[in-house]
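A.B. asks: First, the structure itself, so that you have it in front of you.
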Amino acid sequence: MMKPVLAGLCLGLISQPALADEVWSTLVGDVVYESDTPEGWAVWSYEGDLGPVKIYLKGLAGVYEGRGAYAGVWIAQDDPEIEMCDVAISNPDTGASHSNWGRVDIVFTEPDFPSGWVALRGDCFNDPTDYLVGKPVVASE
């Protein structure tokens with residue numbers, strides 16, 4: 001009998017939140033959980049002054065319960081008009097080299113999906129000092 005197994009599989013898939021369902025409202029605009037990399041990075045994005053900014057958080061990929069604190073990096077478009085980092089890093093998703101980047105630390109305010117968070121961000125190797133608060137955008141029913 002395949003029906004109970006198939007039904008259980010479908011219920012299991014339905015109970016997992018879709019990545020695109022995770023959106024947070026912030027002062028810089030909406031931050032969207034885009035994807036996970038095979039190496040365990042969660043990929044978030046938002047629209048910055050120079051175009052898309054990607055946030056890569058190690059160890060968050062596929063984690064929807066028991067969330068805590070995560071460290072990672074943000075990467076934005078290189079631009080000769082602004083001061084860039086002296087050292088380039090490789091994008092965890094594509095391997096491309098970028099000089100406009102920095103560290104980011106995120107702490108979730110509740111352990112389970114959906115939850116808000118507080119992020120600290122810094123440029124290059126500098127300690128994160130700029131903060132941003134993300135509030136979950138919940139679809140109305």
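We label chains A, B, ... in the order they appear in the structure tokens, count residues from 1 in each chain, and number ligands from 1 in the order shown.
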Which residues come within 7 Å of A:Ala69, counting only C-alpha atoms, excluding same-chain residues fewer than 5 positions away, as a list in words?

C.D. replies: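 Here the qualifying residues turn out to be Ile106, Val107 and Phe108 of chain A.
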
A.B. asks: As a PyMOL selection string, please: every residue in stretch 18-136 of chain A that DSSP puts in strand (DSSP E or B).

C.D. replies: chain A and resi 23-26+29-36+41-48+51-58+69-75+89-90+97-98+101-108+117-121+124+130-136

A.B. asks: Tell me which protein, DNA and RNA residues are within 9 Å of A:Gly116, counting only C-alpha atoms, leaving out same-chain ones fewer than 5 positions away, and put them as JSON, numbers by chain.

C.D. replies: {"A": [24, 107, 108, 109, 110, 133, 134, 135, 136]}

A.B. asks: Nearest residue to A:Asp78 out of A:Trp117, A:Tyr46, A:Trp101, A:Tyr56, using only C-alpha atoms?

C.D. replies: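 For A:Asp78, the nearest of the candidates is A:Trp101.
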
A.B. asks: List the spatial neighbours of A:Ala71 as a VMD selection string - criterion: any atom at most 10 Å away, only C-alpha atoms, same-chain residues fewer than 5 positions off excluded.

C.D. replies: chain A and resid 56 to 60 103 to 107 119 to 120

A.B. asks: Could you write out that same residue set with C-alpha atoms as a short mmCIF file (atom, residue, chain, number, x, y, z; two decimals), in the first residue's frame?

C.D. replies:
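Contents of the output file result.cif:
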data_model
loop_
_atom_site.label_atom_id
_atom_site.label_comp_id
_atom_site.auth_asym_id
_atom_site.auth_seq_id
_atom_site.Cartn_x
_atom_site.Cartn_y
_atom_site.Cartn_z
CA TYR A 56 25.18 34.47 3.89
CA LEU A 57 24.58 32.85 7.29
CA LYS A 58 26.54 29.69 8.07
CA GLY A 59 24.59 26.86 9.72
CA LEU A 60 21.10 28.36 9.23
CA ARG A 103 30.70 40.61 8.78
CA VAL A 104 27.18 40.10 10.11
CA ASP A 105 25.85 38.50 13.30
CA ILE A 106 22.15 37.66 13.63
CA VAL A 107 20.19 36.61 16.72
CA ALA A 119 21.45 41.87 13.19
CA LEU A 120 24.78 43.57 13.78
#

A.B. asks: Could you find all residues in chain A that DSSP calls helix (DSSP H, G or I) from the backbone, and write them as a list of chain:residue names?

C.D. replies: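 Helix (DSSP H, G or I) members of chain A, listed: A:Lys3, A:Pro4, A:Val5, A:Leu6, A:Ala7, A:Gly8, A:Leu9, A:Cys10, A:Leu11, A:Gly12, A:Leu13, A:Ile14, A:Ser15, A:Leu19, A:Ala20, A:Asp21.
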
A.B. asks: Given the selection you just returned, output its residues as a file containing C-alpha atoms, formatted as an mmCIF file, in the first residue's frame.

C.D. replies:
data_model
loop_
_atom_site.group_PDB
_atom_site.id
_atom_site.type_symbol
_atom_site.label_atom_id
_atom_site.label_comp_id
_atom_site.auth_asym_id
_atom_site.auth_seq_id
_atom_site.Cartn_x
_atom_site.Cartn_y
_atom_site.Cartn_z
ATOM 1 C CA LYS A 3 -1.101 5.625 -0.239
ATOM 2 C CA PRO A 4 -0.232 6.052 3.500
ATOM 3 C CA VAL A 5 3.462 6.497 2.677
ATOM 4 C CA LEU A 6 2.690 9.004 -0.073
ATOM 5 C CA ALA A 7 0.239 10.854 2.164
ATOM 6 C CA GLY A 8 2.823 11.027 4.949
ATOM 7 C CA LEU A 9 5.425 12.313 2.518
ATOM 8 C CA CYS A 10 3.059 15.002 1.256
ATOM 9 C CA LEU A 11 2.166 16.075 4.805
ATOM 10 C CA GLY A 12 5.857 16.252 5.642
ATOM 11 C CA LEU A 13 6.492 18.493 2.664
ATOM 12 C CA ILE A 14 3.524 20.723 3.463
ATOM 13 C CA SER A 15 4.660 21.214 7.074
ATOM 14 C CA LEU A 19 11.966 29.686 1.842
ATOM 15 C CA ALA A 20 10.216 32.467 -0.069
ATOM 16 C CA ASP A 21 7.663 32.629 2.761
#
